[in-house]
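Have a look at upload.txt below; it lists compact mmCIF, N, CA and C atoms.
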# COMPACT_ATOMS: atom_id res chain seq x y z
N MET A 1 -16.25 -8.76 6.80
CA MET A 1 -15.52 -7.52 6.89
C MET A 1 -16.11 -6.48 5.94
N GLY A 2 -16.82 -6.92 4.93
CA GLY A 2 -17.48 -5.98 4.05
C GLY A 2 -16.55 -5.26 3.09
N LEU A 3 -15.42 -5.88 2.76
CA LEU A 3 -14.49 -5.25 1.84
C LEU A 3 -14.80 -5.70 0.42
N GLU A 4 -14.66 -4.77 -0.51
CA GLU A 4 -14.96 -5.08 -1.90
C GLU A 4 -13.67 -5.26 -2.68
N ALA A 5 -13.71 -6.16 -3.66
CA ALA A 5 -12.54 -6.41 -4.49
C ALA A 5 -12.26 -5.19 -5.35
N GLY A 6 -10.98 -4.92 -5.56
CA GLY A 6 -10.56 -3.77 -6.34
C GLY A 6 -10.67 -3.97 -7.83
N SER A 7 -9.59 -4.29 -8.44
CA SER A 7 -9.45 -4.18 -9.88
C SER A 7 -9.99 -5.37 -10.66
N ALA A 8 -10.90 -6.13 -10.09
CA ALA A 8 -11.42 -7.29 -10.81
C ALA A 8 -12.09 -6.88 -12.12
N THR A 9 -12.74 -5.73 -12.14
CA THR A 9 -13.44 -5.30 -13.34
C THR A 9 -12.68 -4.23 -14.12
N ARG A 10 -11.73 -3.57 -13.49
CA ARG A 10 -10.99 -2.49 -14.13
C ARG A 10 -9.64 -3.00 -14.60
N ARG A 11 -9.28 -2.72 -15.82
CA ARG A 11 -8.00 -3.16 -16.38
C ARG A 11 -6.90 -2.18 -15.96
N ILE A 12 -5.84 -2.73 -15.38
CA ILE A 12 -4.73 -1.91 -14.94
C ILE A 12 -3.54 -2.21 -15.84
N ARG A 13 -3.12 -1.20 -16.57
CA ARG A 13 -2.02 -1.39 -17.51
C ARG A 13 -0.73 -0.70 -17.07
N THR A 14 -0.87 0.46 -16.45
CA THR A 14 0.32 1.23 -16.07
C THR A 14 0.13 1.78 -14.65
N ILE A 15 1.18 2.38 -14.14
CA ILE A 15 1.13 3.04 -12.83
C ILE A 15 0.00 4.06 -12.79
N HIS A 16 -0.26 4.72 -13.92
CA HIS A 16 -1.27 5.78 -13.97
C HIS A 16 -2.70 5.26 -13.79
N ASP A 17 -2.88 3.93 -13.89
CA ASP A 17 -4.20 3.33 -13.70
C ASP A 17 -4.45 2.93 -12.24
N LEU A 18 -3.44 3.06 -11.39
CA LEU A 18 -3.52 2.55 -10.02
C LEU A 18 -4.28 3.47 -9.07
N GLY A 19 -5.06 2.83 -8.19
CA GLY A 19 -5.60 3.48 -7.01
C GLY A 19 -4.75 3.02 -5.84
N VAL A 20 -4.15 3.95 -5.13
CA VAL A 20 -3.19 3.63 -4.07
C VAL A 20 -3.73 4.06 -2.71
N LEU A 21 -3.64 3.16 -1.74
CA LEU A 21 -3.95 3.49 -0.35
C LEU A 21 -2.62 3.64 0.38
N LEU A 22 -2.34 4.85 0.86
CA LEU A 22 -1.11 5.15 1.58
C LEU A 22 -1.42 5.17 3.08
N ILE A 23 -0.74 4.30 3.83
CA ILE A 23 -1.00 4.17 5.27
C ILE A 23 0.29 4.51 6.00
N GLU A 24 0.30 5.66 6.65
CA GLU A 24 1.50 6.18 7.33
C GLU A 24 1.06 7.11 8.45
N ASP A 25 1.58 6.89 9.66
CA ASP A 25 1.14 7.71 10.79
C ASP A 25 1.82 9.06 10.87
N ASP A 26 3.02 9.20 10.32
CA ASP A 26 3.72 10.48 10.37
C ASP A 26 3.19 11.40 9.27
N ASP A 27 2.60 12.53 9.69
CA ASP A 27 1.96 13.45 8.74
C ASP A 27 2.92 13.92 7.64
N PHE A 28 4.14 14.30 8.03
CA PHE A 28 5.10 14.81 7.06
C PHE A 28 5.43 13.75 6.01
N THR A 29 5.73 12.55 6.48
CA THR A 29 6.08 11.46 5.57
C THR A 29 4.90 11.11 4.67
N ARG A 30 3.70 11.06 5.25
CA ARG A 30 2.51 10.74 4.46
C ARG A 30 2.28 11.78 3.36
N LYS A 31 2.39 13.06 3.71
CA LYS A 31 2.19 14.12 2.72
C LYS A 31 3.27 14.07 1.64
N LEU A 32 4.51 13.78 2.03
CA LEU A 32 5.60 13.69 1.07
C LEU A 32 5.37 12.56 0.07
N ILE A 33 5.02 11.38 0.57
CA ILE A 33 4.79 10.25 -0.33
C ILE A 33 3.54 10.47 -1.16
N SER A 34 2.53 11.07 -0.58
CA SER A 34 1.32 11.41 -1.34
C SER A 34 1.67 12.34 -2.49
N ARG A 35 2.50 13.34 -2.23
CA ARG A 35 2.94 14.27 -3.28
C ARG A 35 3.69 13.51 -4.38
N LEU A 36 4.56 12.57 -3.99
CA LEU A 36 5.29 11.77 -4.98
C LEU A 36 4.32 10.95 -5.83
N LEU A 37 3.31 10.37 -5.20
CA LEU A 37 2.31 9.59 -5.93
C LEU A 37 1.56 10.46 -6.94
N HIS A 38 1.20 11.67 -6.51
CA HIS A 38 0.53 12.60 -7.42
C HIS A 38 1.47 13.02 -8.55
N ASP A 39 2.75 13.23 -8.21
CA ASP A 39 3.74 13.63 -9.22
C ASP A 39 3.92 12.56 -10.31
N ILE A 40 3.82 11.28 -9.91
CA ILE A 40 3.96 10.22 -10.93
C ILE A 40 2.60 9.86 -11.54
N ARG A 41 1.58 10.61 -11.15
CA ARG A 41 0.25 10.57 -11.75
C ARG A 41 -0.45 9.21 -11.63
N VAL A 42 -0.47 8.67 -10.39
CA VAL A 42 -1.34 7.52 -10.17
C VAL A 42 -2.79 8.02 -10.25
N ARG A 43 -3.71 7.13 -10.52
CA ARG A 43 -5.10 7.50 -10.74
C ARG A 43 -5.75 8.10 -9.49
N LEU A 44 -5.57 7.47 -8.34
CA LEU A 44 -6.20 7.90 -7.09
C LEU A 44 -5.25 7.66 -5.93
N VAL A 45 -5.31 8.53 -4.92
CA VAL A 45 -4.56 8.32 -3.69
C VAL A 45 -5.51 8.48 -2.51
N PHE A 46 -5.59 7.43 -1.70
CA PHE A 46 -6.32 7.48 -0.44
C PHE A 46 -5.27 7.49 0.66
N GLU A 47 -5.56 8.18 1.76
CA GLU A 47 -4.61 8.25 2.87
C GLU A 47 -5.25 7.77 4.16
N ALA A 48 -4.43 7.11 4.98
CA ALA A 48 -4.86 6.67 6.31
C ALA A 48 -3.67 6.81 7.25
N ALA A 49 -3.95 7.15 8.51
CA ALA A 49 -2.89 7.36 9.50
C ALA A 49 -2.53 6.09 10.28
N ASP A 50 -3.34 5.04 10.14
CA ASP A 50 -3.05 3.77 10.81
C ASP A 50 -3.91 2.67 10.20
N GLY A 51 -3.71 1.45 10.68
CA GLY A 51 -4.44 0.31 10.13
C GLY A 51 -5.94 0.39 10.33
N VAL A 52 -6.38 1.00 11.43
CA VAL A 52 -7.82 1.12 11.68
C VAL A 52 -8.46 2.02 10.61
N GLN A 53 -7.83 3.17 10.35
CA GLN A 53 -8.33 4.05 9.29
C GLN A 53 -8.25 3.37 7.93
N ALA A 54 -7.18 2.60 7.70
CA ALA A 54 -7.01 1.90 6.42
C ALA A 54 -8.15 0.92 6.18
N LEU A 55 -8.54 0.16 7.20
CA LEU A 55 -9.65 -0.77 7.04
C LEU A 55 -10.94 -0.04 6.72
N ASP A 56 -11.12 1.14 7.33
CA ASP A 56 -12.30 1.96 7.05
C ASP A 56 -12.29 2.43 5.59
N VAL A 57 -11.14 2.90 5.12
CA VAL A 57 -11.02 3.32 3.71
C VAL A 57 -11.32 2.13 2.79
N LEU A 58 -10.81 0.96 3.12
CA LEU A 58 -11.03 -0.21 2.28
C LEU A 58 -12.50 -0.65 2.29
N ARG A 59 -13.17 -0.51 3.42
CA ARG A 59 -14.60 -0.83 3.48
C ARG A 59 -15.39 0.07 2.54
N LYS A 60 -15.03 1.36 2.54
CA LYS A 60 -15.78 2.34 1.75
C LYS A 60 -15.32 2.42 0.30
N ASN A 61 -14.03 2.22 0.04
CA ASN A 61 -13.46 2.47 -1.28
C ASN A 61 -12.62 1.32 -1.81
N GLY A 62 -12.81 0.13 -1.27
CA GLY A 62 -12.00 -1.02 -1.66
C GLY A 62 -11.99 -1.28 -3.15
N HIS A 63 -13.11 -0.98 -3.81
CA HIS A 63 -13.21 -1.19 -5.26
C HIS A 63 -12.28 -0.27 -6.05
N ASP A 64 -11.78 0.81 -5.43
CA ASP A 64 -10.87 1.74 -6.10
C ASP A 64 -9.42 1.59 -5.66
N VAL A 65 -9.14 0.66 -4.75
CA VAL A 65 -7.78 0.48 -4.25
C VAL A 65 -7.16 -0.75 -4.91
N ASP A 66 -6.04 -0.51 -5.60
CA ASP A 66 -5.35 -1.58 -6.31
C ASP A 66 -4.08 -2.03 -5.60
N ILE A 67 -3.54 -1.14 -4.77
CA ILE A 67 -2.30 -1.45 -4.05
C ILE A 67 -2.25 -0.58 -2.80
N ALA A 68 -1.63 -1.12 -1.75
CA ALA A 68 -1.45 -0.35 -0.52
C ALA A 68 0.03 -0.17 -0.26
N ILE A 69 0.38 1.00 0.26
CA ILE A 69 1.73 1.28 0.73
C ILE A 69 1.57 1.53 2.23
N CYS A 70 2.20 0.68 3.04
CA CYS A 70 1.88 0.65 4.46
C CYS A 70 3.11 0.71 5.35
N ASP A 71 3.12 1.68 6.26
CA ASP A 71 4.15 1.76 7.29
C ASP A 71 3.99 0.55 8.21
N LEU A 72 5.09 0.13 8.82
CA LEU A 72 5.00 -1.01 9.73
C LEU A 72 4.69 -0.58 11.15
N GLU A 73 5.33 0.49 11.62
CA GLU A 73 5.15 0.92 13.00
C GLU A 73 4.18 2.10 13.07
N MET A 74 2.98 1.84 13.59
CA MET A 74 1.96 2.88 13.74
C MET A 74 1.18 2.61 15.02
N PRO A 75 0.59 3.66 15.61
CA PRO A 75 -0.25 3.44 16.79
C PRO A 75 -1.56 2.76 16.40
N ARG A 76 -2.30 2.33 17.37
CA ARG A 76 -3.60 1.64 17.23
C ARG A 76 -3.46 0.32 16.49
N MET A 77 -3.20 0.35 15.19
CA MET A 77 -3.02 -0.87 14.42
C MET A 77 -1.85 -0.66 13.46
N GLY A 78 -0.76 -1.38 13.70
CA GLY A 78 0.42 -1.26 12.86
C GLY A 78 0.30 -2.08 11.58
N GLY A 79 1.34 -2.02 10.78
CA GLY A 79 1.34 -2.66 9.48
C GLY A 79 1.20 -4.18 9.54
N LEU A 80 1.89 -4.83 10.49
CA LEU A 80 1.80 -6.28 10.58
C LEU A 80 0.39 -6.72 10.97
N ASP A 81 -0.23 -5.99 11.90
CA ASP A 81 -1.60 -6.32 12.30
C ASP A 81 -2.57 -6.11 11.14
N LEU A 82 -2.35 -5.05 10.36
CA LEU A 82 -3.20 -4.80 9.20
C LEU A 82 -3.03 -5.92 8.17
N LEU A 83 -1.79 -6.31 7.89
CA LEU A 83 -1.54 -7.40 6.95
C LEU A 83 -2.23 -8.68 7.43
N HIS A 84 -2.12 -8.96 8.72
CA HIS A 84 -2.77 -10.14 9.29
C HIS A 84 -4.28 -10.08 9.06
N ALA A 85 -4.87 -8.90 9.34
CA ALA A 85 -6.32 -8.74 9.16
C ALA A 85 -6.72 -8.93 7.70
N LEU A 86 -5.94 -8.38 6.78
CA LEU A 86 -6.26 -8.51 5.36
C LEU A 86 -6.13 -9.95 4.87
N ARG A 87 -5.04 -10.59 5.25
CA ARG A 87 -4.72 -11.90 4.70
C ARG A 87 -5.54 -13.04 5.31
N THR A 88 -6.07 -12.84 6.51
CA THR A 88 -6.71 -13.97 7.19
C THR A 88 -8.23 -13.84 7.33
N ALA A 89 -8.81 -12.70 6.95
CA ALA A 89 -10.26 -12.54 7.09
C ALA A 89 -10.98 -13.47 6.12
N THR A 90 -11.89 -14.25 6.63
CA THR A 90 -12.63 -15.21 5.82
C THR A 90 -13.48 -14.49 4.77
N GLY A 91 -13.35 -14.93 3.54
CA GLY A 91 -14.15 -14.36 2.46
C GLY A 91 -13.77 -12.94 2.08
N ASN A 92 -12.59 -12.50 2.47
CA ASN A 92 -12.16 -11.13 2.17
C ASN A 92 -11.67 -11.04 0.73
N PRO A 93 -12.37 -10.31 -0.13
CA PRO A 93 -11.94 -10.20 -1.52
C PRO A 93 -10.65 -9.40 -1.69
N LEU A 94 -10.23 -8.70 -0.64
CA LEU A 94 -8.98 -7.95 -0.71
C LEU A 94 -7.81 -8.70 -0.06
N ALA A 95 -7.99 -9.99 0.19
CA ALA A 95 -6.93 -10.78 0.83
C ALA A 95 -5.65 -10.79 -0.01
N GLU A 96 -5.79 -10.63 -1.31
CA GLU A 96 -4.64 -10.65 -2.21
C GLU A 96 -4.16 -9.25 -2.59
N LEU A 97 -4.69 -8.21 -1.94
CA LEU A 97 -4.29 -6.85 -2.26
C LEU A 97 -2.78 -6.71 -2.16
N PRO A 98 -2.12 -6.25 -3.24
CA PRO A 98 -0.68 -6.04 -3.14
C PRO A 98 -0.36 -4.97 -2.10
N VAL A 99 0.62 -5.26 -1.24
CA VAL A 99 1.02 -4.33 -0.19
C VAL A 99 2.52 -4.14 -0.25
N ILE A 100 2.94 -2.88 -0.34
CA ILE A 100 4.34 -2.50 -0.24
C ILE A 100 4.52 -1.90 1.14
N VAL A 101 5.48 -2.41 1.91
CA VAL A 101 5.66 -1.87 3.25
C VAL A 101 6.73 -0.79 3.26
N LEU A 102 6.49 0.21 4.10
CA LEU A 102 7.43 1.30 4.36
C LEU A 102 8.21 0.94 5.60
N THR A 103 9.51 1.14 5.56
CA THR A 103 10.31 0.77 6.71
C THR A 103 11.51 1.69 6.89
N GLY A 104 11.95 1.76 8.13
CA GLY A 104 13.24 2.38 8.43
C GLY A 104 14.27 1.27 8.46
N HIS A 105 15.53 1.60 8.41
CA HIS A 105 16.58 0.57 8.36
C HIS A 105 16.56 -0.35 9.56
N ARG A 106 16.11 0.14 10.71
CA ARG A 106 16.20 -0.64 11.94
C ARG A 106 15.06 -1.65 12.10
N GLU A 107 14.22 -1.80 11.12
CA GLU A 107 13.05 -2.68 11.26
C GLU A 107 13.18 -3.96 10.44
N ALA A 108 14.42 -4.45 10.23
CA ALA A 108 14.65 -5.60 9.37
C ALA A 108 13.85 -6.83 9.81
N ASP A 109 13.77 -7.07 11.11
CA ASP A 109 13.01 -8.23 11.60
C ASP A 109 11.53 -8.11 11.25
N MET A 110 10.99 -6.88 11.34
CA MET A 110 9.58 -6.68 11.00
C MET A 110 9.34 -6.90 9.51
N VAL A 111 10.30 -6.49 8.68
CA VAL A 111 10.16 -6.72 7.24
C VAL A 111 10.14 -8.22 6.95
N LYS A 112 11.01 -8.97 7.63
CA LYS A 112 11.02 -10.43 7.45
C LYS A 112 9.67 -11.03 7.83
N ARG A 113 9.08 -10.53 8.91
CA ARG A 113 7.76 -11.04 9.32
C ARG A 113 6.71 -10.63 8.30
N ALA A 114 6.82 -9.42 7.74
CA ALA A 114 5.86 -8.95 6.74
C ALA A 114 5.94 -9.80 5.48
N ILE A 115 7.14 -10.24 5.11
CA ILE A 115 7.32 -11.07 3.91
C ILE A 115 6.49 -12.34 4.03
N ALA A 116 6.37 -12.87 5.24
CA ALA A 116 5.57 -14.07 5.46
C ALA A 116 4.10 -13.85 5.10
N TYR A 117 3.65 -12.60 5.12
CA TYR A 117 2.26 -12.27 4.74
C TYR A 117 2.12 -12.02 3.25
N GLY A 118 3.19 -12.21 2.50
CA GLY A 118 3.09 -12.07 1.05
C GLY A 118 3.07 -10.64 0.57
N ILE A 119 3.98 -9.80 1.10
CA ILE A 119 4.04 -8.42 0.63
C ILE A 119 4.61 -8.38 -0.79
N SER A 120 4.36 -7.28 -1.48
CA SER A 120 4.81 -7.11 -2.86
C SER A 120 6.14 -6.36 -2.93
N GLY A 121 6.73 -6.05 -1.80
CA GLY A 121 8.00 -5.35 -1.77
C GLY A 121 8.03 -4.40 -0.59
N TYR A 122 9.15 -3.68 -0.49
CA TYR A 122 9.26 -2.71 0.59
C TYR A 122 10.04 -1.49 0.11
N LEU A 123 9.76 -0.38 0.75
CA LEU A 123 10.44 0.88 0.50
C LEU A 123 11.10 1.33 1.78
N VAL A 124 12.37 1.72 1.69
CA VAL A 124 13.09 2.23 2.85
C VAL A 124 12.97 3.74 2.87
N LYS A 125 12.61 4.27 4.03
CA LYS A 125 12.50 5.73 4.20
C LYS A 125 13.89 6.33 4.31
N PRO A 126 14.12 7.52 3.79
CA PRO A 126 13.18 8.36 3.04
C PRO A 126 12.97 7.82 1.63
N VAL A 127 11.75 7.93 1.16
CA VAL A 127 11.35 7.37 -0.13
C VAL A 127 11.65 8.37 -1.25
N SER A 128 12.26 7.86 -2.33
CA SER A 128 12.50 8.71 -3.50
C SER A 128 11.46 8.38 -4.57
N LYS A 129 11.27 9.31 -5.49
CA LYS A 129 10.33 9.10 -6.59
C LYS A 129 10.76 7.89 -7.43
N ALA A 130 12.06 7.76 -7.69
CA ALA A 130 12.56 6.64 -8.50
C ALA A 130 12.27 5.30 -7.83
N ASP A 131 12.53 5.21 -6.51
CA ASP A 131 12.25 3.95 -5.78
C ASP A 131 10.76 3.64 -5.77
N LEU A 132 9.94 4.67 -5.58
CA LEU A 132 8.50 4.49 -5.56
C LEU A 132 8.01 3.96 -6.90
N MET A 133 8.47 4.56 -7.99
CA MET A 133 8.07 4.10 -9.32
C MET A 133 8.53 2.66 -9.57
N LYS A 134 9.75 2.35 -9.14
CA LYS A 134 10.29 1.01 -9.34
C LYS A 134 9.45 -0.03 -8.60
N ARG A 135 9.11 0.26 -7.34
CA ARG A 135 8.32 -0.70 -6.54
C ARG A 135 6.90 -0.86 -7.10
N LEU A 136 6.26 0.24 -7.51
CA LEU A 136 4.91 0.16 -8.07
C LEU A 136 4.92 -0.61 -9.39
N THR A 137 5.93 -0.38 -10.22
CA THR A 137 6.04 -1.10 -11.48
C THR A 137 6.25 -2.59 -11.23
N PHE A 138 7.09 -2.91 -10.26
CA PHE A 138 7.36 -4.32 -9.93
C PHE A 138 6.08 -4.99 -9.42
N ALA A 139 5.34 -4.32 -8.54
CA ALA A 139 4.09 -4.87 -8.01
C ALA A 139 3.08 -5.08 -9.13
N LEU A 140 3.05 -4.15 -10.08
CA LEU A 140 2.15 -4.26 -11.24
C LEU A 140 2.53 -5.47 -12.09
N GLN A 141 3.80 -5.68 -12.30
CA GLN A 141 4.26 -6.84 -13.07
C GLN A 141 3.93 -8.15 -12.36
N GLN A 142 4.04 -8.15 -11.03
CA GLN A 142 3.68 -9.35 -10.24
C GLN A 142 2.20 -9.68 -10.44
N ARG A 143 1.35 -8.66 -10.43
CA ARG A 143 -0.09 -8.85 -10.60
C ARG A 143 -0.40 -9.51 -11.94
N GLU A 144 0.30 -9.06 -12.99
CA GLU A 144 0.04 -9.55 -14.33
C GLU A 144 0.43 -11.03 -14.47
N GLN A 145 1.36 -11.48 -13.63
CA GLN A 145 1.83 -12.87 -13.70
C GLN A 145 0.91 -13.82 -12.95
N THR A 146 0.02 -13.29 -12.12
CA THR A 146 -0.86 -14.17 -11.34
C THR A 146 -2.16 -14.42 -12.05

Just dump the structure as structure tokens.
Amino acid sequence: MGLEAGSATRRIRTIHDLGVLLIEDDDFTRKLISRLLHDIRVRLVFEAADGVQALDVLRKNGHDVDIAICDLEMPRMGGLDLLHALRTATGNPLAELPVIVLTGHREADMVKRAIAYGISGYLVKPVSKADLMKRLTFALQQREQT
């Protein structure tokens, strides 16, 4: 797959050290969450409109991506298909990439399926700055324990 491992060489101590890949097909929602990420001063924000674009971003910039925030329902390649591709690709150094899924209330079954892929948490839309910070902090703490 040609994906490069992210933070193996870079020390991540706080949210401000994170490179985040935001994967969301709705332009308004993507821009809103991107603005929230910039407001909480993460190090880098990459954006993708679906799983296909996300894989392309990871091929080119995987070394700068420490965590992904991924919508579940998207055209071309949705969140579950992207998680499957990440987690099952042979020799993929990003197989353990922390992923927080974005969901609407009506997608509970999809969230349960996503949990089976080892997600680092989920955010319910609409996303608030406080919830975003809480989930990123929790994912960061999970990383430190592994």

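Nearest residue to Phe28 (chain A), choosing from A:Ile115, A:Ala49, A:Val42, A:Leu80 and counting only C-alpha atoms: A:Ala49.
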
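The space between atom N of Val124 (chain A) and atom C of Gly104 (chain A) spans 7.0 Å.
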
Completion exercise
Of A:Ala89, A:Leu21, A:Leu83, A:Leu32, the one nearest to Leu44 (chain A) when counting all atoms listed in the file is A:Leu21

Problem - Of the listed residues A:Thr90, A:Pro75, A:Ala85, A:Val127, that which approaches Glu24 (chain A) most closely, counting only N, CA and C atoms - result: A:Pro75

Practice task
Assign secondary structure with DSSP using the backbone only, and return the residues of region 9-139 of chain A in strand (DSSP E or B) as a list in words.
Solution key: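 Selecting the strand (DSSP E or B) positions of region 9-139 of chain A gives Gly19, Val20, Leu21, Leu22, Ile23, Leu44, Val45, Phe46, Glu47, Ala48, Ile67, Ala68, Ile69, Cys70, Asp71, Val99, Ile100, Val101, Leu102, Thr103, Gly121, Tyr122, Leu123 and Val124 of chain A.
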
Exercise for the section: Could you please determine the separation between CA of Lys125 (chain A) and CA of Asp109 (chain A) in Å, to one decimal place? Expected result: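 Separation of CA of Lys125 (chain A) and CA of Asp109 (chain A): 15.8 Å.
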
Problem - Coordinates-based distance that separates atom C of Gly79 (chain A) from atom C of Val52 (chain A) (Å, one decimal) - result: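 Computing the Euclidean distance for atom C of Val52 (chain A) and atom C of Gly79 (chain A) yields 11.5 Å.
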
For His16 (chain A), find every residue with an atom within 6.5 Å (counting only N, CA and C atoms), except residues of its own chain fewer than 4 positions away, and show them as an mmCIF file with N, CA and C atoms, keeping the file's coordinate frame.
data_model
loop_
_atom_site.group_PDB
_atom_site.id
_atom_site.type_symbol
_atom_site.label_atom_id
_atom_site.label_comp_id
_atom_site.auth_asym_id
_atom_site.auth_seq_id
_atom_site.Cartn_x
_atom_site.Cartn_y
_atom_site.Cartn_z
ATOM 1 N N ILE A 40 3.820 11.280 -9.910
ATOM 2 C CA ILE A 40 3.960 10.220 -10.930
ATOM 3 C C ILE A 40 2.600 9.860 -11.540
ATOM 4 N N ARG A 41 1.580 10.610 -11.150
ATOM 5 C CA ARG A 41 0.250 10.570 -11.750
ATOM 6 C C ARG A 41 -0.450 9.210 -11.630
ATOM 7 N N VAL A 42 -0.470 8.670 -10.390
ATOM 8 C CA VAL A 42 -1.340 7.520 -10.170
ATOM 9 C C VAL A 42 -2.790 8.020 -10.250
ATOM 10 N N ARG A 43 -3.710 7.130 -10.520
ATOM 11 C CA ARG A 43 -5.100 7.500 -10.740
ATOM 12 C C ARG A 43 -5.750 8.100 -9.490
#

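Closest approach to Pro98 (chain A) among A:Leu18, A:Ile119, A:Leu132, A:Leu37: A:Ile119, based on only N, CA and C atoms.
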
Problem - chain A: residues DSSP assigns to alpha helix (DSSP H), reported as a ChimeraX atom specification - result: /A:27-39,51-61,79-88,108-115,129-145

Exercise for the section: Write out as JSON, numbers by chain which residues come within 8 Å of Ser34 (chain A) when counting all atoms listed in the file, dropping same-chain ones fewer than 3 positions away. Expected result: {"A": [22, 28, 29, 30, 31, 37, 38, 39, 40, 45, 46, 47]}

Practice task
Within 6 Å of Val20 (chain A), counting only C-alpha atoms, which residues show up once you throw out same-chain ones fewer than 4 positions away? Write them as a PyMOL selection string, please.
Solution key: chain A and resi 45+65+67-68

Can you tell me, as a PDB file with N, CA and C atoms, in the coordinates of the input, what residues are no more than 12 Å from Arg87 (chain A) when counting only C-alpha atoms, ignoring any on the same chain fewer than 4 positions away?
ATOM      1  N   MET A   1     -16.250  -8.760   6.800  1.00  0.00           N
ATOM      2  CA  MET A   1     -15.520  -7.520   6.890  1.00  0.00           C
ATOM      3  C   MET A   1     -16.110  -6.480   5.940  1.00  0.00           C
ATOM      4  N   LEU A  80       1.890  -4.830  10.490  1.00  0.00           N
ATOM      5  CA  LEU A  80       1.800  -6.280  10.580  1.00  0.00           C
ATOM      6  C   LEU A  80       0.390  -6.720  10.970  1.00  0.00           C
ATOM      7  N   ASP A  81      -0.230  -5.990  11.900  1.00  0.00           N
ATOM      8  CA  ASP A  81      -1.600  -6.320  12.300  1.00  0.00           C
ATOM      9  C   ASP A  81      -2.570  -6.110  11.140  1.00  0.00           C
ATOM     10  N   LEU A  82      -2.350  -5.050  10.360  1.00  0.00           N
ATOM     11  CA  LEU A  82      -3.200  -4.800   9.200  1.00  0.00           C
ATOM     12  C   LEU A  82      -3.030  -5.920   8.170  1.00  0.00           C
ATOM     13  N   LEU A  83      -1.790  -6.310   7.890  1.00  0.00           N
ATOM     14  CA  LEU A  83      -1.540  -7.400   6.950  1.00  0.00           C
ATOM     15  C   LEU A  83      -2.230  -8.680   7.430  1.00  0.00           C
ATOM     16  N   GLY A  91     -13.350 -14.930   3.540  1.00  0.00           N
ATOM     17  CA  GLY A  91     -14.150 -14.360   2.460  1.00  0.00           C
ATOM     18  C   GLY A  91     -13.770 -12.940   2.080  1.00  0.00           C
ATOM     19  N   ASN A  92     -12.590 -12.500   2.470  1.00  0.00           N
ATOM     20  CA  ASN A  92     -12.160 -11.130   2.170  1.00  0.00           C
ATOM     21  C   ASN A  92     -11.670 -11.040   0.730  1.00  0.00           C
ATOM     22  N   PRO A  93     -12.370 -10.310  -0.130  1.00  0.00           N
ATOM     23  CA  PRO A  93     -11.940 -10.200  -1.520  1.00  0.00           C
ATOM     24  C   PRO A  93     -10.650  -9.400  -1.690  1.00  0.00           C
ATOM     25  N   LEU A  94     -10.230  -8.700  -0.640  1.00  0.00           N
ATOM     26  CA  LEU A  94      -8.980  -7.950  -0.710  1.00  0.00           C
ATOM     27  C   LEU A  94      -7.810  -8.700  -0.060  1.00  0.00           C
ATOM     28  N   ALA A  95      -7.990  -9.990   0.190  1.00  0.00           N
ATOM     29  CA  ALA A  95      -6.930 -10.780   0.830  1.00  0.00           C
ATOM     30  C   ALA A  95      -5.650 -10.790  -0.010  1.00  0.00           C
ATOM     31  N   GLU A  96      -5.790 -10.630  -1.310  1.00  0.00           N
ATOM     32  CA  GLU A  96      -4.640 -10.650  -2.210  1.00  0.00           C
ATOM     33  C   GLU A  96      -4.160  -9.250  -2.590  1.00  0.00           C
ATOM     34  N   LEU A  97      -4.690  -8.210  -1.940  1.00  0.00           N
ATOM     35  CA  LEU A  97      -4.290  -6.850  -2.260  1.00  0.00           C
ATOM     36  C   LEU A  97      -2.780  -6.710  -2.160  1.00  0.00           C
ATOM     37  N   PRO A  98      -2.120  -6.250  -3.240  1.00  0.00           N
ATOM     38  CA  PRO A  98      -0.680  -6.040  -3.140  1.00  0.00           C
ATOM     39  C   PRO A  98      -0.360  -4.970  -2.100  1.00  0.00           C
ATOM     40  N   VAL A  99       0.620  -5.260  -1.240  1.00  0.00           N
ATOM     41  CA  VAL A  99       1.020  -4.330  -0.190  1.00  0.00           C
ATOM     42  C   VAL A  99       2.520  -4.140  -0.250  1.00  0.00           C
ATOM     43  N   ALA A 114       6.820  -9.420   7.740  1.00  0.00           N
ATOM     44  CA  ALA A 114       5.860  -8.950   6.740  1.00  0.00           C
ATOM     45  C   ALA A 114       5.940  -9.800   5.480  1.00  0.00           C
ATOM     46  N   ALA A 116       6.370 -12.870   5.240  1.00  0.00           N
ATOM     47  CA  ALA A 116       5.570 -14.070   5.460  1.00  0.00           C
ATOM     48  C   ALA A 116       4.100 -13.850   5.100  1.00  0.00           C
ATOM     49  N   TYR A 117       3.650 -12.600   5.120  1.00  0.00           N
ATOM     50  CA  TYR A 117       2.260 -12.270   4.740  1.00  0.00           C
ATOM     51  C   TYR A 117       2.120 -12.020   3.250  1.00  0.00           C
ATOM     52  N   GLY A 118       3.190 -12.210   2.500  1.00  0.00           N
ATOM     53  CA  GLY A 118       3.090 -12.070   1.050  1.00  0.00           C
ATOM     54  C   GLY A 118       3.070 -10.640   0.570  1.00  0.00           C
ATOM     55  N   ILE A 119       3.980  -9.800   1.100  1.00  0.00           N
ATOM     56  CA  ILE A 119       4.040  -8.420   0.630  1.00  0.00           C
ATOM     57  C   ILE A 119       4.610  -8.380  -0.790  1.00  0.00           C
TER      58      ILE A 119
END

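Proximity ranking of A:Ile15, A:Val57, A:Cys70, A:Met77 relative to Thr103 (chain A) places A:Cys70 first, based on only N, CA and C atoms.
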
Completion exercise
Min atom-atom distance to Gly62 (chain A) from the set A:Lys129, A:Leu86, A:Arg76, A:Asp27, counting only C-alpha atoms, belongs to A:Leu86
